[in-house]
>>> print(open('entry26.cif').read())   # mmCIF, C-alpha atoms
data_coords
loop_
_atom_site.label_atom_id
_atom_site.label_comp_id
_atom_site.auth_asym_id
_atom_site.auth_seq_id
_atom_site.Cartn_x
_atom_site.Cartn_y
_atom_site.Cartn_z
CA PRO A 1 -91.43 -100.93 10.80
CA PRO A 2 -87.93 -100.11 11.78
CA PRO A 3 -87.00 -96.41 12.13
CA THR A 4 -85.78 -94.57 9.08
CA PRO A 5 -82.11 -93.38 9.55
CA ALA A 6 -81.46 -89.66 9.27
CA PRO A 7 -79.80 -88.64 6.02
CA THR A 8 -76.04 -88.14 6.06
CA PRO A 9 -75.13 -84.43 5.49
CA PRO A 10 -72.74 -83.72 2.63
CA PRO A 11 -69.17 -82.90 3.63
CA THR A 12 -68.44 -79.22 4.17
CA PRO A 13 -65.91 -78.09 1.54
CA ALA A 14 -62.64 -76.58 2.80
CA PRO A 15 -62.55 -72.76 2.43
CA THR A 16 -60.77 -71.58 -0.70
CA PRO A 17 -57.78 -69.35 0.25
CA PRO A 18 -57.79 -65.86 -1.33
CA PRO A 19 -55.46 -65.46 -4.29
CA THR A 20 -51.91 -64.20 -3.52
CA PRO A 21 -51.51 -60.66 -4.89
CA ALA A 22 -48.74 -60.14 -7.45
CA PRO A 23 -45.71 -58.21 -6.06
CA THR A 24 -45.75 -54.45 -6.64
CA PRO A 25 -42.76 -53.43 -8.81
CA ALA A 26 -40.34 -50.83 -7.39
CA PRO A 27 -40.92 -47.38 -8.82
CA THR A 28 -38.61 -46.40 -11.65
CA PRO A 29 -36.58 -43.29 -10.66
CA ALA A 30 -37.15 -40.22 -12.81
CA PRO A 31 -34.15 -39.38 -14.97
CA THR A 32 -31.93 -36.52 -13.71
CA PRO A 33 -32.37 -33.59 -16.03
CA SER A 34 -29.22 -32.39 -17.72
CA PRO A 35 -28.30 -28.72 -17.19
CA THR A 36 -30.12 -26.40 -19.46
CA PRO A 37 -27.68 -24.76 -21.84
CA GLY A 38 -27.33 -21.01 -21.54
CA GLU A 39 -27.99 -20.91 -17.81
CA ASN A 40 -24.66 -20.01 -16.19
CA CYS A 41 -22.13 -17.23 -16.30
CA ASP A 42 -18.43 -18.00 -15.77
CA VAL A 43 -16.39 -14.87 -15.04
CA VAL A 44 -12.63 -15.49 -14.78
CA VAL A 45 -10.29 -12.90 -13.22
CA ARG A 46 -6.54 -12.39 -13.62
CA THR A 47 -4.38 -9.56 -12.26
CA ASP A 48 -0.97 -8.39 -13.49
CA CYS A 49 1.33 -5.74 -11.99
CA SER A 50 3.52 -3.39 -14.00
CA THR A 51 5.50 -0.19 -13.45
CA GLN A 52 7.14 2.57 -15.46
CA ALA A 53 10.08 2.56 -13.02
CA ALA A 54 13.43 0.98 -13.87
CA THR A 55 13.24 -2.82 -13.83
CA ILE A 56 15.70 -5.64 -14.42
CA GLY A 57 15.96 -6.30 -18.16
CA GLY A 58 13.38 -3.60 -18.82
CA SER A 59 10.60 -6.10 -18.13
CA GLY A 60 8.33 -3.57 -16.45
CA GLU A 61 7.27 -6.23 -13.93
CA CYS A 62 6.74 -5.32 -10.29
CA ASP A 63 8.90 -8.16 -9.00
CA ALA A 64 11.89 -6.84 -10.98
CA ILE A 65 12.04 -3.23 -9.73
CA ILE A 66 15.58 -1.93 -9.36
CA PRO A 67 16.22 -0.30 -5.95
CA ILE A 68 16.20 3.47 -6.43
CA ILE A 69 18.15 4.82 -3.49
CA SER A 70 19.97 7.77 -5.08
CA ARG A 71 22.52 10.28 -3.90
CA CYS A 72 21.73 13.95 -4.20
CA ASP A 73 24.46 15.30 -6.51
CA GLN A 74 23.45 18.95 -6.71
CA ARG A 75 22.09 21.33 -4.09
CA ALA A 76 18.32 20.88 -4.02
CA THR A 77 15.53 23.44 -4.24
CA PHE A 78 12.88 21.14 -2.75
CA MET A 79 12.81 18.18 -0.38
CA GLU A 80 10.08 16.08 1.15
CA MET A 81 10.54 14.37 4.49
CA LEU A 82 8.71 11.49 6.12
CA PHE A 83 8.09 12.06 9.83
CA ASN A 84 8.59 8.68 11.51
CA GLY A 85 8.51 9.93 15.09
CA GLY A 86 10.89 8.32 17.57
CA ASP A 87 14.27 9.25 18.99
CA CYS A 88 17.71 9.96 17.52
CA GLY A 89 18.78 6.33 17.78
CA GLN A 90 17.10 5.43 14.49
CA SER A 91 19.29 7.84 12.50
CA PHE A 92 20.62 6.28 9.28
CA ASN A 93 23.15 8.30 7.28
CA ILE A 94 26.89 8.57 6.73
CA GLN A 95 27.41 12.25 7.30
CA GLY A 96 30.34 12.96 9.61
CA ALA A 97 29.98 14.22 13.16
CA ASP A 98 30.83 17.74 12.00
CA LYS A 99 27.87 17.66 9.58
CA PHE A 100 25.19 15.74 11.46
CA ASP A 101 24.09 15.65 15.09
CA CYS A 102 20.82 14.79 16.81
CA THR A 103 19.73 15.50 20.37
CA ASP A 104 16.64 14.30 22.27
CA GLN A 105 15.25 15.80 25.43
CA ASN A 106 12.22 14.93 27.54
CA GLY A 107 12.19 11.49 25.91
CA GLY A 108 12.15 12.75 22.32
CA PRO A 109 9.14 12.46 19.99
CA GLY A 110 6.83 9.48 20.38
CA LEU A 111 5.88 7.00 17.67
CA THR A 112 2.29 8.25 17.42
CA GLY A 113 0.51 11.55 17.59
CA GLN A 114 0.99 15.04 16.20
CA TYR A 115 4.00 17.32 16.67
CA TYR A 116 5.13 20.75 15.57
CA ILE A 117 8.15 20.79 13.24
CA HIS A 118 10.23 23.85 12.37
CA VAL A 119 13.07 23.76 9.79
CA VAL A 120 15.46 26.64 9.02
CA PRO A 121 18.96 27.30 7.68
CA ARG A 122 21.26 26.35 10.53
CA LYS A 123 23.49 29.44 10.33
CA LYS A 124 20.72 31.87 9.36
CA PRO A 125 17.70 30.71 11.38
CA ASP A 126 16.04 34.14 11.31
CA GLU A 127 16.46 34.78 7.58
CA ASP A 128 14.44 31.97 6.04
CA VAL A 129 12.03 29.13 6.89
CA TYR A 130 12.09 25.78 5.09
CA PHE A 131 9.00 24.40 6.90
CA SER A 132 6.94 25.23 9.97
CA GLY A 133 3.75 23.51 11.05
CA PRO A 134 1.99 20.51 12.65
CA VAL A 135 2.78 17.02 11.32
CA ASN A 136 1.32 13.66 12.26
CA VAL A 137 3.63 10.68 12.73
CA GLY A 138 3.61 8.75 9.45
CA ASP A 139 2.92 11.81 7.29
CA VAL A 140 5.24 13.60 4.89
CA PHE A 141 5.99 17.32 4.92
CA PRO A 142 7.62 19.57 2.29
CA MET A 143 10.77 21.65 2.75
CA CYS A 144 11.88 24.49 0.51
CA PRO A 145 13.55 27.90 0.78
CA GLY A 146 10.86 30.56 1.05
CA TYR A 147 8.28 28.15 2.49
CA PRO A 148 5.36 27.93 1.86
CA ALA A 149 5.55 29.66 -1.54
CA CYS A 150 8.92 28.03 -2.38
CA SER A 151 11.22 30.64 -3.91
CA GLY A 152 13.15 28.22 -6.12
CA ASP A 153 16.38 29.09 -4.32
CA ARG A 154 18.71 26.33 -3.19
CA PHE A 155 19.02 25.07 0.36
CA GLU A 156 21.81 26.48 2.48
CA ALA A 157 24.68 24.10 3.26
CA ASP A 158 23.32 23.17 6.70
CA SER A 159 19.81 22.93 8.10
CA ALA A 160 18.31 22.67 11.59
CA VAL A 161 15.12 20.80 12.49
CA TRP A 162 13.22 21.32 15.76
CA VAL A 163 10.46 18.92 16.84
CA TYR A 164 8.11 20.29 19.52
CA PRO A 165 5.08 18.89 21.33
CA ILE A 166 2.00 20.16 19.52
CA SER A 167 0.92 21.97 22.66
CA ALA A 168 3.92 24.30 22.38
CA ALA A 169 2.49 25.94 19.27
CA SER A 170 -0.63 27.04 21.17
CA ASN A 171 1.46 29.45 23.24
CA PRO A 172 0.99 32.94 21.75
CA ASN A 173 4.65 33.68 22.55
CA PHE A 174 5.91 30.51 20.85
CA ASP A 175 9.32 31.07 19.21
CA PRO A 176 10.36 27.82 17.50
CA VAL A 177 14.01 28.88 17.17
CA ASN A 178 14.54 30.00 20.75
CA ASP A 179 11.97 28.00 22.72
CA ASP A 180 13.61 25.49 25.08
CA ASN A 181 10.69 23.04 25.22
CA TRP A 182 11.68 21.09 22.10
CA LEU A 183 11.78 17.29 22.05
CA GLN A 184 14.39 16.82 19.32
CA LEU A 185 16.94 19.03 17.59
CA VAL A 186 18.63 17.81 14.39
CA ASN A 187 21.43 19.47 12.43
CA TYR A 188 22.45 18.01 9.08
CA HIS A 189 24.12 18.90 5.79
CA THR A 190 21.72 19.79 2.96
CA SER A 191 23.98 21.15 0.22
CA CYS A 192 24.52 17.72 -1.44
CA SER A 193 28.26 18.38 -1.60
CA GLN A 194 28.52 15.65 1.02
CA ASN A 195 26.61 12.38 1.33
CA LEU A 196 22.85 12.94 1.17
CA PHE A 197 20.77 10.00 -0.01
CA LEU A 198 17.16 9.08 -0.35
CA LYS A 199 16.26 6.91 2.65
CA ASP A 200 18.64 8.81 4.94
CA LYS A 201 17.20 9.24 8.41
CA TYR A 202 18.01 12.29 10.48
CA GLY A 203 16.47 11.58 13.85
CA SER A 204 12.72 11.26 13.43
CA THR A 205 12.73 12.62 9.86
CA GLN A 206 13.60 10.73 6.68
CA LEU A 207 14.39 12.07 3.21
CA VAL A 208 11.99 10.60 0.63
CA ILE A 209 11.99 13.14 -2.25
CA PHE A 210 14.36 15.80 -3.53
CA PHE A 211 14.47 18.02 -6.60
CA ASN A 212 17.36 19.78 -8.27
CA GLU A 213 18.09 21.02 -11.78
CA GLU A 214 20.59 18.29 -12.58
CA GLN A 215 18.68 15.19 -11.45
CA GLY A 216 15.09 16.42 -11.57
CA LEU A 217 12.55 14.92 -9.16
CA VAL A 218 13.98 11.90 -7.34
CA SER A 219 11.61 9.94 -5.11
CA CYS A 220 11.53 6.91 -2.83
CA PHE A 221 8.07 6.09 -4.13
CA ILE A 222 7.18 4.10 -7.24
CA THR A 223 3.75 3.76 -8.81
CA ALA A 224 2.61 0.18 -9.43
CA THR A 225 -0.32 -0.42 -11.78
CA PHE A 226 -2.60 -3.44 -11.41
CA SER A 227 -4.30 -4.50 -14.65
CA ILE A 228 -7.30 -6.67 -13.78
CA THR A 229 -8.70 -8.69 -16.69
CA LEU A 230 -12.26 -10.05 -16.46
CA THR A 231 -13.41 -12.64 -19.02
CA ASN A 232 -16.87 -14.22 -19.15
CA GLU A 233 -16.32 -17.77 -20.38
CA GLY A 234 -19.93 -18.73 -19.71
CA GLU A 235 -22.95 -18.80 -22.01
CA VAL A 236 -24.98 -15.98 -20.49
CA ALA A 237 -24.17 -12.54 -19.17
CA ALA A 238 -23.19 -11.71 -15.65
CA ASP A 239 -25.81 -8.96 -15.55
CA GLU A 240 -25.06 -7.96 -11.98
CA ILE A 241 -21.70 -7.54 -10.26
CA ILE A 242 -22.24 -8.38 -6.61
CA LEU A 243 -18.61 -8.03 -5.48
CA PHE A 244 -15.41 -6.86 -7.17
CA THR A 245 -12.40 -6.06 -4.96
CA ASN A 246 -8.61 -5.87 -5.11
CA THR A 247 -6.74 -6.38 -1.83
CA VAL A 248 -3.07 -5.51 -1.26
CA ASN A 249 -1.59 -6.64 2.06
CA GLY A 250 -4.99 -6.49 3.73
CA ASN A 251 -5.99 -3.10 2.29
CA THR A 252 -9.03 -3.54 0.06
CA THR A 253 -10.09 -1.35 -2.86
CA ASP A 254 -13.77 -1.76 -3.76
CA LEU A 255 -14.18 -1.82 -7.55
CA THR A 256 -17.78 -3.08 -7.62
CA ASP A 257 -19.09 0.10 -9.25
CA ALA A 258 -16.37 0.09 -11.93
CA ILE A 259 -18.33 -2.26 -14.23
CA GLN A 260 -22.04 -2.94 -14.81
CA GLY A 261 -21.77 -6.52 -16.08
CA VAL A 262 -19.83 -8.89 -18.36
CA GLU A 263 -21.33 -10.31 -21.54
CA PRO A 264 -20.53 -13.86 -22.77
CA GLY A 265 -17.08 -13.86 -24.38
CA GLN A 266 -16.46 -10.26 -23.31
CA GLN A 267 -13.10 -9.21 -21.83
CA ILE A 268 -12.85 -6.11 -19.64
CA ILE A 269 -9.65 -4.60 -18.22
CA ILE A 270 -9.78 -2.42 -15.10
CA THR A 271 -6.68 -0.66 -13.72
CA THR A 272 -5.90 0.57 -10.22
CA GLN A 273 -2.65 1.87 -8.69
CA ILE A 274 -0.68 1.91 -5.45
CA LEU A 275 2.49 3.65 -4.30
CA ILE A 276 5.36 1.35 -3.35
CA ASP A 277 7.64 2.71 -0.65
CA MET A 278 11.11 1.75 -1.79
CA THR A 279 12.67 2.63 1.58
CA VAL A 280 11.28 -0.66 2.98
CA ARG A 281 11.79 -4.04 1.37
CA GLN A 282 8.60 -6.02 1.81
CA ASP A 283 6.34 -8.62 0.26
CA TYR A 284 3.14 -7.56 -1.47
CA LEU A 285 0.25 -10.07 -1.50
CA ILE A 286 -2.52 -9.23 -3.95
CA THR A 287 -5.92 -10.94 -4.15
CA THR A 288 -8.65 -10.02 -6.62
CA ASP A 289 -12.19 -11.34 -6.05
CA ILE A 290 -15.29 -11.11 -8.21
CA VAL A 291 -18.85 -12.40 -7.78
CA GLY A 292 -21.41 -11.92 -10.57
CA ALA A 293 -24.96 -13.11 -11.18
CA THR A 294 -27.22 -13.76 -14.16
CA SER A 295 -30.65 -12.23 -14.57
CA ARG A 296 -32.05 -15.45 -13.06
CA GLY A 297 -29.92 -15.07 -9.97
CA LYS A 298 -27.37 -17.78 -10.71
CA GLU A 299 -23.99 -16.68 -9.33
CA CYS A 300 -20.50 -17.16 -10.71
CA SER A 301 -17.29 -16.20 -8.92
CA ASP A 302 -13.52 -16.33 -9.19
CA SER A 303 -10.44 -15.28 -7.22
CA TYR A 304 -6.83 -14.67 -8.25
CA THR A 305 -3.82 -14.26 -5.93
CA PHE A 306 -0.18 -13.44 -6.62
CA SER A 307 2.72 -11.76 -4.82
CA PHE A 308 5.93 -9.85 -5.45
CA THR A 309 8.73 -8.29 -3.42
CA ALA A 310 10.02 -4.75 -3.82
CA GLY A 311 12.12 -2.22 -1.93
CA ASN A 312 15.67 -1.85 -0.74
CA ASN A 313 17.15 -3.78 2.16
CA LEU A 314 20.72 -2.50 1.93
CA ASP A 315 22.52 -1.72 5.19
CA ALA A 316 24.00 1.44 3.65
CA PRO A 317 23.34 3.45 0.49
CA PRO A 318 25.28 2.33 -2.60
CA GLY A 319 28.12 4.33 -4.10
CA ILE A 320 28.97 6.15 -0.88
CA LEU A 321 31.97 8.33 -0.39
CA ASN A 322 34.56 7.40 2.17
CA PRO A 323 33.45 9.16 5.36
CA GLY A 324 37.08 9.80 6.15
CA SER A 325 37.42 11.98 3.06
CA PHE A 326 35.39 14.85 4.48
#
>>> encode(input="entry26.cif", output="structure tokens")
Amino acid sequence: PPPTPAPTPPPTPAPTPPPTPAPTPAPTPAPTPSPTPGENCDVVVRTDCSTQAATIGGSGECDAIIPIISRCDQRATFMEMLFNGGDCGQSFNIQGADKFDCTDQNGGPGLTGQYYIHVVPRKKPDEDVYFSGPVNVGDVFPMCPGYPACSGDRFEADSAVWVYPISAASNPNFDPVNDDNWLQLVNYHTSCSQNLFLKDKYGSTQLVIFFNEEQGLVSCFITATFSITLTNEGEVAADEIILFTNTVNGNTTDLTDAIQGVEPGQQIIITTQILIDMTVRQDYLITTDIVGATSRGKECSDSYTFSFTAGNNLDAPPGILNPGSF
């Protein structure tokens, strides 16, 4: 019989592809939490300046101070001088040549350092002393009849001022009236019958205060008061004061220990003072800074800056007499 054909194999099915995975959705971002109420302090600072001195319109504001250069109208019993150092060329007064003269030798006093100053009645140098002692440049020194106790008597009509190197006073035989090693000798009129004004410069010394019965105490210096107001406008207390300062023309007063903290809604006023030298017209730049923190360590800060101008820039004192009349 004929051969039996081999059976035909069934067709091999095509492989089934794996299912396509569904796309993974992008993650939904978590919502940003809103700030928790009651978390932050918010201390606000403001500084104002006032003075009891005479001001334009009686405002009491530091930027309205009336210049206070005043003429001495009655013989004084006390004066205070500022020692500027330097030579006779800086002299600023309108006393005539028969009332005022200034002489330098050996270069005159310098602009730094310490010197020995001796002041006496010009015509009676051995009968009284108005001042005698060491003075640093930039410091003030008192003058009065009967120094240092101050007798209450009035100054003689004319006074003499010797400025010596400080080394001269170490000589056990030092005689400030008769010693020839002085650096500057000044003679000027101190009776106030002639022109004597605050701000007057007599060589290296400058009149800044005088006292007499008629006018009382008259000074070149004015006290300015800074009133610093702190207000916490936040919802929690500034429990810790990290920094609290008041800076005037680069000179900083640290007030950090003046307050312990500021409660919400609380207002605190702190005062501090400076002396304004009215012999120099200048700008005053004031900056107050504060940094506080809550009990959780969250900080709040503020800063306030303002400025004013004070002092006299006149070329000559006001209300002067005609120099030709004396």
>>> closest_atom_pairs(input="entry26.cif", of="range 52-154 of chain A", to="range 173-176 of chain A", cutoff="12 Å", atoms="all atoms listed in the file", output="JSON lines")
{"residue": "A:Tyr116", "atom": "CA", "partner": "A:Pro176", "partner_atom": "CA", "distance": 9.0}
{"residue": "A:Ile117", "atom": "CA", "partner": "A:Pro176", "partner_atom": "CA", "distance": 8.5}
{"residue": "A:His118", "atom": "CA", "partner": "A:Pro176", "partner_atom": "CA", "distance": 6.5}
{"residue": "A:Val119", "atom": "CA", "partner": "A:Pro176", "partner_atom": "CA", "distance": 9.1}
{"residue": "A:Val120", "atom": "CA", "partner": "A:Pro176", "partner_atom": "CA", "distance": 10.0}
{"residue": "A:Pro125", "atom": "CA", "partner": "A:Pro176", "partner_atom": "CA", "distance": 10.0}
{"residue": "A:Asp126", "atom": "CA", "partner": "A:Pro176", "partner_atom": "CA", "distance": 10.5}
{"residue": "A:Val129", "atom": "CA", "partner": "A:Pro176", "partner_atom": "CA", "distance": 10.8}
{"residue": "A:Phe131", "atom": "CA", "partner": "A:Pro176", "partner_atom": "CA", "distance": 11.2}
{"residue": "A:Ser132", "atom": "CA", "partner": "A:Pro176", "partner_atom": "CA", "distance": 8.7}
{"residue": "A:Gly133", "atom": "CA", "partner": "A:Pro176", "partner_atom": "CA", "distance": 10.2}
>>> resolve_selection(input="entry26.cif", expression="the PyMOL selection byres ((chain A and resi 236-250) around 9)", output="ChimeraX atom specification")
/A:38-43,228,232-235,251-265,272,274,283-295,297-301
>>> closest_residue(input="entry26.cif", among="A:Arg46, A:Lys201, A:Arg122, A:Arg75", to="Gln215 in chain A", atoms="only C-alpha atoms")
A:Arg75
>>> closest_residue(input="entry26.cif", among="A:Ser219, A:Ser159, A:Asn181, A:Thr305", to="Arg71 in chain A", atoms="all atoms listed in the file")
A:Ser219
>>> residues_around(input="entry26.cif", residues="range 153-156 of chain A", least_positions_apart="4", cutoff="9 Å", atoms="only C-alpha atoms", output="PyMOL selection string")
chain A and resi 75-78+121-124+130+144-146+189-191+212
